[in-house]
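Participant: Please find one structure pasted underneath; my questions will follow.
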Amino acid sequence: MVKLDSISTEQRNPATSHIDEVSTLEIVRLMNQEDKKVALAVEAELPQIAKAVDVIYAALQSGGRLIYCGCGTSGRLGVLDAAECLPTFGAGRDMVDAVIAGGQSAMLVPVEGAEDNRDLGREDLEKLHFSGKDVLCGIAASGRTPYVLGAIAYAKSLGAATISVTCCPGSEVDTSADIGISPSPGPEVVTGSTRLKSGTAQKMVLNMLSTATMIKLGKVYGNLMVDVRASNEKLVERCVRIVRTATGADTAAACAALEQCNYSAKTAILMILRGIDAPAAEARLAQTQGRIAEALRIN
């Protein structure tokens with residue numbers, strides 16, 4: 001039986017011990033006060049987060065993938081971050097993917113018992129053909145989830161780099177990974193409900209891991225998401241706006257360039273700034289691994 005008394009995310013918060021007796025405004029004020037602690041907890045882990053980003057970047061540069069692994073809220077956050085890398089950065093499942101205990105149905109309905117199956121963590125990675133080139137990021141607020149521990153053990157057996165994101169420093173998940181990231185935002189507003197502060201802290205860390213990696217991969221120019229996929233009307237308009245912002249061109253010129261390069265904002269920007277056609281812009285980007293700033297310096 002799991003001993004919850006020894007898990008830091010299961011401790012009771014004295015500041016909210018009477019939250020069921022206060023006004024609605026006071027409930028949300030107490031929650032907001034507790035949420036203010038999350039960013040500071042993540043700040044304390046920045047050196048570890050930066051170290052993890054460098055490991056992920058090196059793996060993706062070499063053809064590997066970032067694979068998230070988790071259960072419940074933690075697993076859903078991993079799936080969410082992986083899914084959002086495609087429209088935001090043009091990074092598909094060949095770069096960032098995720099597994100969650102219980103499979104896709106667990107995104108909407110809890111699959112009881114799946115997180116307690118250590119072998120399932122390994123089996124789910126095998127289904128993704130996980131290899132030593134990949135990086136595993138195990139996410140577990142409590143730091144004890146067997147599913148995640150099984151996945152980390154399997155990844156390490158293949159020689160893959162492992163990262164953990166927990167909210168329990170010194171926990172088994174935290175210490176079993178090569179790089180442990182463990183912000184400690186303190187006891188939850190509702191005891192043990194790690195979808196609250198712990199979930200927010202984990203989401204912030206995952207945002208940093210994926211976004212910083214994509215910036216280093218050249219998928220951001222300035223602070224513009226120049227590898228965005230124009231997969232719907234809003235994103236088409238965003239591509240136009242990105243090209244206009246980066247180049248100073250008007251809407252007509254931005255649209256004309258985008259139409260010549262299959263709505264690649266990155267290519268269109270280089271076309272306009274250097275006065276070259278799409279093939280020439282694509283060739284420059286190939287030389288610089290997609291980094292616009294470097295491509296602009298090519299004579």
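Lettering and numbering for the structure tokens are positional, with chains as A, B, ... in the shown order, residues counted from 1 in each chain, and ligands counted from 1 in the shown order.
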So that I can check the surroundings of Ala230 of chain A, please list as a JSON list (two decimals) with N, CA and C atoms, in the first residue's frame every protein, DNA and RNA residue that reaches within 12 Å of it, counting only C-alpha atoms and ignoring chain neighbours fewer than 3 positions away.
Facilitator:
[["chain", "number", "residue", "atom", "x", "y", "z"],
["A", 86, "LEU", "N", 3.23, 20.53, -33.05],
["A", 86, "LEU", "CA", 3.02, 20.46, -34.50],
["A", 86, "LEU", "C", 2.49, 21.78, -35.07],
["A", 87, "PRO", "N", 1.35, 22.30, -34.60],
["A", 87, "PRO", "CA", 0.88, 23.55, -35.19],
["A", 87, "PRO", "C", 1.76, 24.75, -34.85],
["A", 88, "THR", "N", 2.39, 24.73, -33.68],
["A", 88, "THR", "CA", 3.18, 25.88, -33.25],
["A", 88, "THR", "C", 4.55, 25.93, -33.92],
["A", 89, "PHE", "N", 5.21, 24.77, -34.00],
["A", 89, "PHE", "CA", 6.59, 24.74, -34.48],
["A", 89, "PHE", "C", 6.81, 23.85, -35.69],
["A", 90, "GLY", "N", 5.75, 23.27, -36.24],
["A", 90, "GLY", "CA", 5.92, 22.35, -37.35],
["A", 90, "GLY", "C", 6.68, 21.10, -36.96],
["A", 225, "MET", "N", 6.98, 32.68, -34.35],
["A", 225, "MET", "CA", 6.95, 31.23, -34.60],
["A", 225, "MET", "C", 6.93, 30.97, -36.10],
["A", 226, "VAL", "N", 8.12, 31.01, -36.71],
["A", 226, "VAL", "CA", 8.22, 31.01, -38.17],
["A", 226, "VAL", "C", 8.07, 29.64, -38.80],
["A", 227, "ASP", "N", 7.91, 28.58, -38.01],
["A", 227, "ASP", "CA", 7.62, 27.26, -38.57],
["A", 227, "ASP", "C", 6.18, 26.85, -38.31],
["A", 233, "GLU", "N", -7.79, 28.56, -41.00],
["A", 233, "GLU", "CA", -7.90, 29.96, -41.41],
["A", 233, "GLU", "C", -7.15, 30.89, -40.47],
["A", 234, "LYS", "N", -7.25, 30.64, -39.18],
["A", 234, "LYS", "CA", -6.55, 31.49, -38.21],
["A", 234, "LYS", "C", -5.04, 31.42, -38.40],
["A", 235, "LEU", "N", -4.52, 30.20, -38.64],
["A", 235, "LEU", "CA", -3.08, 30.03, -38.77],
["A", 235, "LEU", "C", -2.57, 30.57, -40.11],
["A", 236, "VAL", "N", -3.42, 30.54, -41.14],
["A", 236, "VAL", "CA", -3.05, 31.19, -42.40],
["A", 236, "VAL", "C", -2.86, 32.68, -42.17],
["A", 237, "GLU", "N", -3.81, 33.29, -41.47],
["A", 237, "GLU", "CA", -3.71, 34.72, -41.16],
["A", 237, "GLU", "C", -2.49, 35.00, -40.27],
["A", 238, "ARG", "N", -2.19, 34.07, -39.37],
["A", 238, "ARG", "CA", -1.02, 34.26, -38.52],
["A", 238, "ARG", "C", 0.26, 34.24, -39.35],
["A", 239, "CYS", "N", 0.32, 33.34, -40.34],
["A", 239, "CYS", "CA", 1.49, 33.29, -41.23],
["A", 239, "CYS", "C", 1.68, 34.64, -41.92],
["A", 240, "VAL", "N", 0.59, 35.19, -42.44],
["A", 240, "VAL", "CA", 0.66, 36.48, -43.12],
["A", 240, "VAL", "C", 1.16, 37.55, -42.16],
["A", 241, "ARG", "N", 0.62, 37.54, -40.96],
["A", 241, "ARG", "CA", 1.01, 38.55, -39.96],
["A", 241, "ARG", "C", 2.48, 38.40, -39.56],
["A", 242, "ILE", "N", 2.94, 37.16, -39.43],
["A", 242, "ILE", "CA", 4.34, 36.91, -39.07],
["A", 242, "ILE", "C", 5.27, 37.45, -40.15],
["A", 258, "LEU", "N", 4.13, 34.01, -49.71],
["A", 258, "LEU", "CA", 3.66, 32.78, -49.07],
["A", 258, "LEU", "C", 3.06, 31.80, -50.09],
["A", 259, "GLU", "N", 2.35, 32.34, -51.07],
["A", 259, "GLU", "CA", 1.74, 31.48, -52.09],
["A", 259, "GLU", "C", 2.79, 30.78, -52.95],
["A", 261, "CYS", "N", 5.63, 29.60, -51.78],
["A", 261, "CYS", "CA", 6.42, 28.63, -51.00],
["A", 261, "CYS", "C", 5.55, 27.77, -50.10],
["A", 262, "ASN", "N", 4.31, 27.53, -50.54],
["A", 262, "ASN", "CA", 3.41, 26.65, -49.79],
["A", 262, "ASN", "C", 3.19, 27.13, -48.36],
["A", 263, "TYR", "N", 3.09, 28.42, -48.20],
["A", 263, "TYR", "CA", 2.81, 29.07, -46.93],
["A", 263, "TYR", "C", 3.84, 28.71, -45.84],
["A", 264, "SER", "N", 5.10, 28.67, -46.23],
["A", 264, "SER", "CA", 6.19, 28.57, -45.25],
["A", 264, "SER", "C", 6.60, 29.98, -44.86],
["A", 265, "ALA", "N", 6.23, 30.40, -43.66],
["A", 265, "ALA", "CA", 6.55, 31.76, -43.22],
["A", 265, "ALA", "C", 8.05, 31.99, -43.24],
["A", 266, "LYS", "N", 8.80, 30.99, -42.84],
["A", 266, "LYS", "CA", 10.25, 31.10, -42.79],
["A", 266, "LYS", "C", 10.82, 31.40, -44.18]]
Participant: Pick out each residue of segment 79-287 of chain A that DSSP on the backbone tags as strand (DSSP E or B); I need them as a VMD selection string.
Facilitator: chain A and resid 96 to 100 135 to 139 161 to 165 179 to 181 221 224
Participant: Between A:Ser74, A:Gln260, A:Thr194, A:Asn207, which has the minimum distance to Ile49 of chain A (counting only C-alpha atoms)?
Facilitator: A:Asn207
Participant: Using DSSP on the backbone, list every residue of segment 140-240 of chain A that comes out as alpha helix (DSSP H), and give them as an MDAnalysis selection string.
Facilitator: chainID A and resid 146:157 172:176 197:216 233:240
Participant: Write out as JSON lines a residue-level contact list of segment 52-77 of chain A versus segment 133-141 of chain A with cut-off 8 Å: for each qualifying residue the closest pair of atoms and the distance in Å to one decimal, counting only C-alpha atoms, rows sorted by chain and residue number upward.
Facilitator:
{"residue": "A:Val55", "atom": "CA", "partner": "A:Val135", "partner_atom": "CA", "distance": 7.9}
{"residue": "A:Ile56", "atom": "CA", "partner": "A:Val135", "partner_atom": "CA", "distance": 6.4}
{"residue": "A:Ala59", "atom": "CA", "partner": "A:Asp134", "partner_atom": "CA", "distance": 6.3}
{"residue": "A:Leu60", "atom": "CA", "partner": "A:Asp134", "partner_atom": "CA", "distance": 7.8}
{"residue": "A:Ser62", "atom": "CA", "partner": "A:Lys133", "partner_atom": "CA", "distance": 7.6}
{"residue": "A:Gly63", "atom": "CA", "partner": "A:Lys133", "partner_atom": "CA", "distance": 7.3}
{"residue": "A:Gly64", "atom": "CA", "partner": "A:Asp134", "partner_atom": "CA", "distance": 4.5}
{"residue": "A:Arg65", "atom": "CA", "partner": "A:Asp134", "partner_atom": "CA", "distance": 4.7}
{"residue": "A:Leu66", "atom": "CA", "partner": "A:Val135", "partner_atom": "CA", "distance": 4.9}
{"residue": "A:Ile67", "atom": "CA", "partner": "A:Leu136", "partner_atom": "CA", "distance": 4.9}
{"residue": "A:Tyr68", "atom": "CA", "partner": "A:Cys137", "partner_atom": "CA", "distance": 4.8}
{"residue": "A:Cys69", "atom": "CA", "partner": "A:Gly138", "partner_atom": "CA", "distance": 4.8}
{"residue": "A:Gly70", "atom": "CA", "partner": "A:Ile139", "partner_atom": "CA", "distance": 4.9}
{"residue": "A:Cys71", "atom": "CA", "partner": "A:Ala140", "partner_atom": "CA", "distance": 7.1}
{"residue": "A:Ser74", "atom": "CA", "partner": "A:Ile139", "partner_atom": "CA", "distance": 5.5}
{"residue": "A:Gly75", "atom": "CA", "partner": "A:Ile139", "partner_atom": "CA", "distance": 6.7}
Participant: Could those selected residues go to a file with all heavy atoms, as a short mmCIF file (atom, residue, chain, number, x, y, z; two decimals), in the first residue's frame?
Facilitator:
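part-v2.cif, freshly written:
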data_model
loop_
_atom_site.label_atom_id
_atom_site.label_comp_id
_atom_site.auth_asym_id
_atom_site.auth_seq_id
_atom_site.Cartn_x
_atom_site.Cartn_y
_atom_site.Cartn_z
N VAL A 55 20.14 18.70 -23.57
CA VAL A 55 20.14 17.27 -23.88
C VAL A 55 19.08 16.96 -24.96
O VAL A 55 19.35 16.21 -25.91
CB VAL A 55 19.86 16.44 -22.60
CG1 VAL A 55 19.54 14.98 -22.95
CG2 VAL A 55 21.06 16.51 -21.67
N ILE A 56 17.90 17.54 -24.82
CA ILE A 56 16.83 17.32 -25.81
C ILE A 56 17.25 17.87 -27.17
O ILE A 56 17.08 17.22 -28.21
CB ILE A 56 15.52 17.97 -25.34
CG1 ILE A 56 15.02 17.33 -24.04
CG2 ILE A 56 14.44 17.85 -26.43
CD1 ILE A 56 13.93 18.11 -23.35
N ALA A 59 19.70 15.62 -28.91
CA ALA A 59 19.05 14.41 -29.40
C ALA A 59 18.26 14.68 -30.67
O ALA A 59 18.34 13.92 -31.65
CB ALA A 59 18.14 13.82 -28.33
N LEU A 60 17.49 15.76 -30.70
CA LEU A 60 16.70 16.08 -31.88
C LEU A 60 17.59 16.44 -33.06
O LEU A 60 17.26 16.13 -34.21
CB LEU A 60 15.71 17.21 -31.57
CG LEU A 60 14.31 16.75 -31.11
CD1 LEU A 60 14.38 15.90 -29.85
CD2 LEU A 60 13.39 17.95 -30.90
N SER A 62 20.27 15.08 -33.72
CA SER A 62 20.84 13.82 -34.20
C SER A 62 19.78 12.84 -34.70
O SER A 62 20.07 11.66 -34.90
CB SER A 62 21.66 13.17 -33.08
OG SER A 62 22.71 14.02 -32.66
N GLY A 63 18.56 13.33 -34.87
CA GLY A 63 17.50 12.47 -35.39
C GLY A 63 16.70 11.73 -34.35
O GLY A 63 15.85 10.89 -34.68
N GLY A 64 16.91 12.03 -33.07
CA GLY A 64 16.14 11.42 -32.01
C GLY A 64 14.85 12.17 -31.74
O GLY A 64 14.53 13.17 -32.41
N ARG A 65 14.10 11.69 -30.76
CA ARG A 65 12.83 12.30 -30.41
C ARG A 65 12.77 12.59 -28.92
O ARG A 65 13.48 11.98 -28.13
CB ARG A 65 11.67 11.35 -30.74
CG ARG A 65 11.53 10.94 -32.18
CD ARG A 65 10.54 9.79 -32.33
NE ARG A 65 11.06 8.57 -31.69
CZ ARG A 65 10.37 7.45 -31.52
NH1 ARG A 65 9.11 7.39 -31.91
NH2 ARG A 65 10.91 6.40 -30.94
N LEU A 66 11.90 13.52 -28.55
CA LEU A 66 11.53 13.74 -27.16
C LEU A 66 10.23 13.00 -26.93
O LEU A 66 9.23 13.26 -27.61
CB LEU A 66 11.35 15.23 -26.87
CG LEU A 66 10.67 15.60 -25.54
CD1 LEU A 66 11.48 15.10 -24.35
CD2 LEU A 66 10.43 17.10 -25.46
N ILE A 67 10.23 12.07 -25.98
CA ILE A 67 9.03 11.30 -25.66
C ILE A 67 8.62 11.58 -24.22
O ILE A 67 9.38 11.35 -23.29
CB ILE A 67 9.26 9.78 -25.83
CG1 ILE A 67 9.83 9.46 -27.21
CG2 ILE A 67 7.97 9.02 -25.56
CD1 ILE A 67 8.90 9.78 -28.37
N TYR A 68 7.41 12.10 -24.05
CA TYR A 68 6.86 12.31 -22.72
C TYR A 68 6.15 11.04 -22.25
O TYR A 68 5.58 10.30 -23.06
CB TYR A 68 5.84 13.46 -22.73
CG TYR A 68 6.40 14.83 -22.97
CD1 TYR A 68 5.94 15.62 -24.02
CD2 TYR A 68 7.36 15.37 -22.12
CE1 TYR A 68 6.42 16.90 -24.23
CE2 TYR A 68 7.85 16.65 -22.32
CZ TYR A 68 7.38 17.42 -23.37
OH TYR A 68 7.86 18.68 -23.57
N CYS A 69 6.16 10.83 -20.95
CA CYS A 69 5.53 9.64 -20.38
C CYS A 69 4.93 10.02 -19.04
O CYS A 69 5.61 10.61 -18.19
CB CYS A 69 6.58 8.54 -20.21
SG CYS A 69 6.07 7.16 -19.20
N GLY A 70 3.65 9.69 -18.83
CA GLY A 70 3.05 10.01 -17.55
C GLY A 70 1.68 9.37 -17.37
O GLY A 70 1.20 8.65 -18.24
N CYS A 71 1.07 9.64 -16.23
CA CYS A 71 -0.25 9.09 -15.89
C CYS A 71 -1.16 10.23 -15.43
O CYS A 71 -0.69 11.23 -14.91
CB CYS A 71 -0.13 8.08 -14.75
SG CYS A 71 1.16 6.86 -14.97
N SER A 74 -0.54 14.34 -15.10
CA SER A 74 0.83 14.45 -15.61
C SER A 74 0.91 13.91 -17.05
O SER A 74 1.55 14.52 -17.91
CB SER A 74 1.79 13.67 -14.71
OG SER A 74 1.84 14.23 -13.41
N GLY A 75 0.29 12.79 -17.29
CA GLY A 75 0.30 12.21 -18.63
C GLY A 75 -0.43 13.09 -19.63
O GLY A 75 0.02 13.26 -20.77
#
Participant: Tell me which protein, DNA and RNA residues are within 7 Å of segment 7-17 of chain A, counting only C-alpha atoms, leaving out same-chain ones fewer than 4 positions away, and put them as a list in words.
Facilitator: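 Residues near the query, excluding close chain neighbours: Ser142, Cys167, Cys168, Pro187, Glu188, Val189, Thr191, Gly192 and Thr194 of chain A.
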Participant: Would you mind exporting the chosen residues as a short mmCIF file (atom, residue, chain, number, x, y, z; two decimals), in the first residue's frame, restricted to N, CA and C atoms?
Facilitator:
data_model
loop_
_atom_site.label_atom_id
_atom_site.label_comp_id
_atom_site.auth_asym_id
_atom_site.auth_seq_id
_atom_site.Cartn_x
_atom_site.Cartn_y
_atom_site.Cartn_z
N SER A 142 3.81 13.01 -7.97
CA SER A 142 4.15 12.37 -6.69
C SER A 142 5.56 11.80 -6.67
N CYS A 167 7.09 16.89 -8.54
CA CYS A 167 6.98 17.96 -7.54
C CYS A 167 7.40 17.43 -6.17
N CYS A 168 8.23 16.40 -6.19
CA CYS A 168 8.73 15.77 -4.96
C CYS A 168 10.23 15.55 -5.06
N PRO A 187 2.00 22.33 -0.51
CA PRO A 187 0.75 21.56 -0.47
C PRO A 187 -0.36 22.20 -1.30
N GLU A 188 -1.22 21.34 -1.83
CA GLU A 188 -2.29 21.81 -2.70
C GLU A 188 -3.41 22.50 -1.92
N VAL A 189 -4.17 23.32 -2.63
CA VAL A 189 -5.33 23.98 -2.04
C VAL A 189 -6.32 22.93 -1.53
N THR A 191 -6.22 19.06 -0.63
CA THR A 191 -5.16 18.11 -0.31
C THR A 191 -5.05 16.97 -1.33
N GLY A 192 -3.86 16.84 -1.92
CA GLY A 192 -3.57 15.76 -2.85
C GLY A 192 -4.05 15.96 -4.27
N THR A 194 -3.29 17.10 -7.30
CA THR A 194 -2.10 17.59 -8.01
C THR A 194 -2.39 18.16 -9.40
#
Participant: Between atom CA of Ile272 of chain A and atom CA of Ile215 of chain A, what is the distance, to one decimal in Å?
Facilitator: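 Atom CA of Ile272 of chain A sits 22.0 Å away from atom CA of Ile215 of chain A.
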Participant: Here is a test: counting only C-alpha atoms, which residue of A:Gln104, A:Thr73, A:Gln289, A:Asn117 is nearest to Lys216 of chain A?
Facilitator: A:Gln289
Participant: Out of A:Lys37, A:Arg76, A:Lys127, A:Lys197, which residue has the shortest atom-to-atom distance to Ile100 of chain A when counting only C-alpha atoms?
Facilitator: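 Closest to Ile100 of chain A, using only C-alpha atoms: A:Arg76.
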Participant: Have a look at A:Ala106, A:Ser198, A:Arg29, A:Ala98 and name the one nearest to Ala151 of chain A; count only C-alpha atoms.
Facilitator: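 Closest to Ala151 of chain A, using only C-alpha atoms: A:Ala98.
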Participant: Please provide the set of residues having any atom within 10 Å of Thr245 of chain A, restricted to only C-alpha atoms, with same-chain residues fewer than 6 positions apart removed, written as a ChimeraX atom specification.
Facilitator: /A:224,239,254,269
Participant: Residues as selected, N, CA, C and O atoms, written as a PDB file, in the first residue's frame, can you do that?
Facilitator:
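Generated file (part.pdb):
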ATOM      1  N   LEU A 224       9.107  35.265 -33.169  1.00  0.00           N
ATOM      2  CA  LEU A 224       8.028  34.862 -34.071  1.00  0.00           C
ATOM      3  C   LEU A 224       8.118  33.370 -34.378  1.00  0.00           C
ATOM      4  O   LEU A 224       9.199  32.853 -34.670  1.00  0.00           O
ATOM      5  N   CYS A 239       0.320  33.336 -40.340  1.00  0.00           N
ATOM      6  CA  CYS A 239       1.486  33.293 -41.225  1.00  0.00           C
ATOM      7  C   CYS A 239       1.683  34.641 -41.922  1.00  0.00           C
ATOM      8  O   CYS A 239       2.807  35.157 -41.998  1.00  0.00           O
ATOM      9  N   ALA A 254       3.215  39.967 -48.665  1.00  0.00           N
ATOM     10  CA  ALA A 254       3.366  38.807 -47.791  1.00  0.00           C
ATOM     11  C   ALA A 254       2.608  37.613 -48.355  1.00  0.00           C
ATOM     12  O   ALA A 254       3.132  36.488 -48.413  1.00  0.00           O
ATOM     13  N   ILE A 269       9.785  34.945 -45.498  1.00  0.00           N
ATOM     14  CA  ILE A 269      10.546  36.023 -44.861  1.00  0.00           C
ATOM     15  C   ILE A 269      11.892  36.209 -45.558  1.00  0.00           C
ATOM     16  O   ILE A 269      12.305  37.335 -45.890  1.00  0.00           O
TER      17      ILE A 269
END
